[in-house]
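What follows is a single structure, written as structure tokens, with notes after it.
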Amino acid sequence: MNVKGIHHLSAMTGSVAGNYQFYTDVLGMRLIKKTVNQDDTSAYHLFYGDERGKPGTELTFFDFPGIGPNKEGVSSISGTSLRVKNDDALRYWTERFTEKGVRHSPITGHAGRNVIFFEDPEGQKLALISDEHNVGVEGGIPWDKSPVPIAYGITGLGPVKLTVRKPDATLGALRLLGFTEKSRVPALVEGQEDIIIMQVGDGGSGAEVQVEPRSDLSAASLGRGGVHHVAFRIEDKEELMEWIGILNQAGLHNSGFVERYYFRS
């Protein structure tokens, strides 16, 4: 019984129209489905992904018009990365971001890969990550009707960054899920502890969590441009029920089994 990697990540937006324009017209991702938040049907739920909507490629958004901006801090999912095939794709995206007026960094090395850090119009912290030398969980297939050429298209979700004040409890929870420590890399902020790279299953970009200790931040407050949750992949419902028992035995707070008929095939 194993966690296989990242399944999806859900973030917050205050503007369906602006969100749709950026993630389809600028990033070239496919809008797989537009539905509602199953826990609050007054809110839209947008699903972006690859050509086939493959698990591990889906970035989703809950829409709450009028919601305040996200406040960065600890106890948060503070970084979302999207995979592209290689370093050549990053060079394409550098030009595209400049052309489209997207705030972004130059291509830089981080945690053993080349990346571009950038922000969406609501300030969500994102990164494009090159799979030039990636080994592990496979990416998806870029949308064939995208405004971005297939050779440079987004292939799925990459490493997710968690920002915490003290890492031990988070690392313990990840180890319970089967994650192991891959490496430690220098902090992105001077004077802070190293970032701990954890991986699970076959490893690689689609199965990595980066735990960032930050002693200089207060607690985060979720708003537009923030991330609501990250979900991990397992095999089936039977395994899910077993995981509930494991979490309960470990004393970790959880929702228990929640039926989502909508997502059944």
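Residue numbering restarts at 1 in every chain; chains get A, B, ... in the order shown in the structure tokens, and ligands count up from 1 in that same order.
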As a PyMOL selection string, please: the residues near Lys71 of chain A (cut-off 12 Å, only C-alpha atoms, same-chain neighbours under 6 positions excluded).
chain A and resi 77-78+122-125+217-227
Secondary structure check, strand (DSSP E or B) residues of segment 3-240 of chain A, as a PyMOL selection string
chain A and resi 5-13+30-37+40-49+58-63+69+71+74+76-84+104+108-110+113-119+125-130+156-164+180-185+195-199+208-213+219+221+224+227-233
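The smallest atom-to-atom distance between Thr155 of chain A and any of A:His45, A:Lys85, A:Lys4, A:Arg103, using only C-alpha atoms, is found for A:Lys85.
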Using only C-alpha atoms, which residues sit within 9 Å of segment 208-211 of chain A once same-chain residues fewer than 3 positions away are excluded, as a PyMOL selection string?
chain A and resi 5-6+79+158-164+167+170-171+174+179+194-200+203-205
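Comparing the minimum interatomic distances between Lys34 of chain A and each of A:Trp243, A:Phe118, A:Phe61, A:Trp143, counting only C-alpha atoms, we find that A:Phe61 sits nearest.
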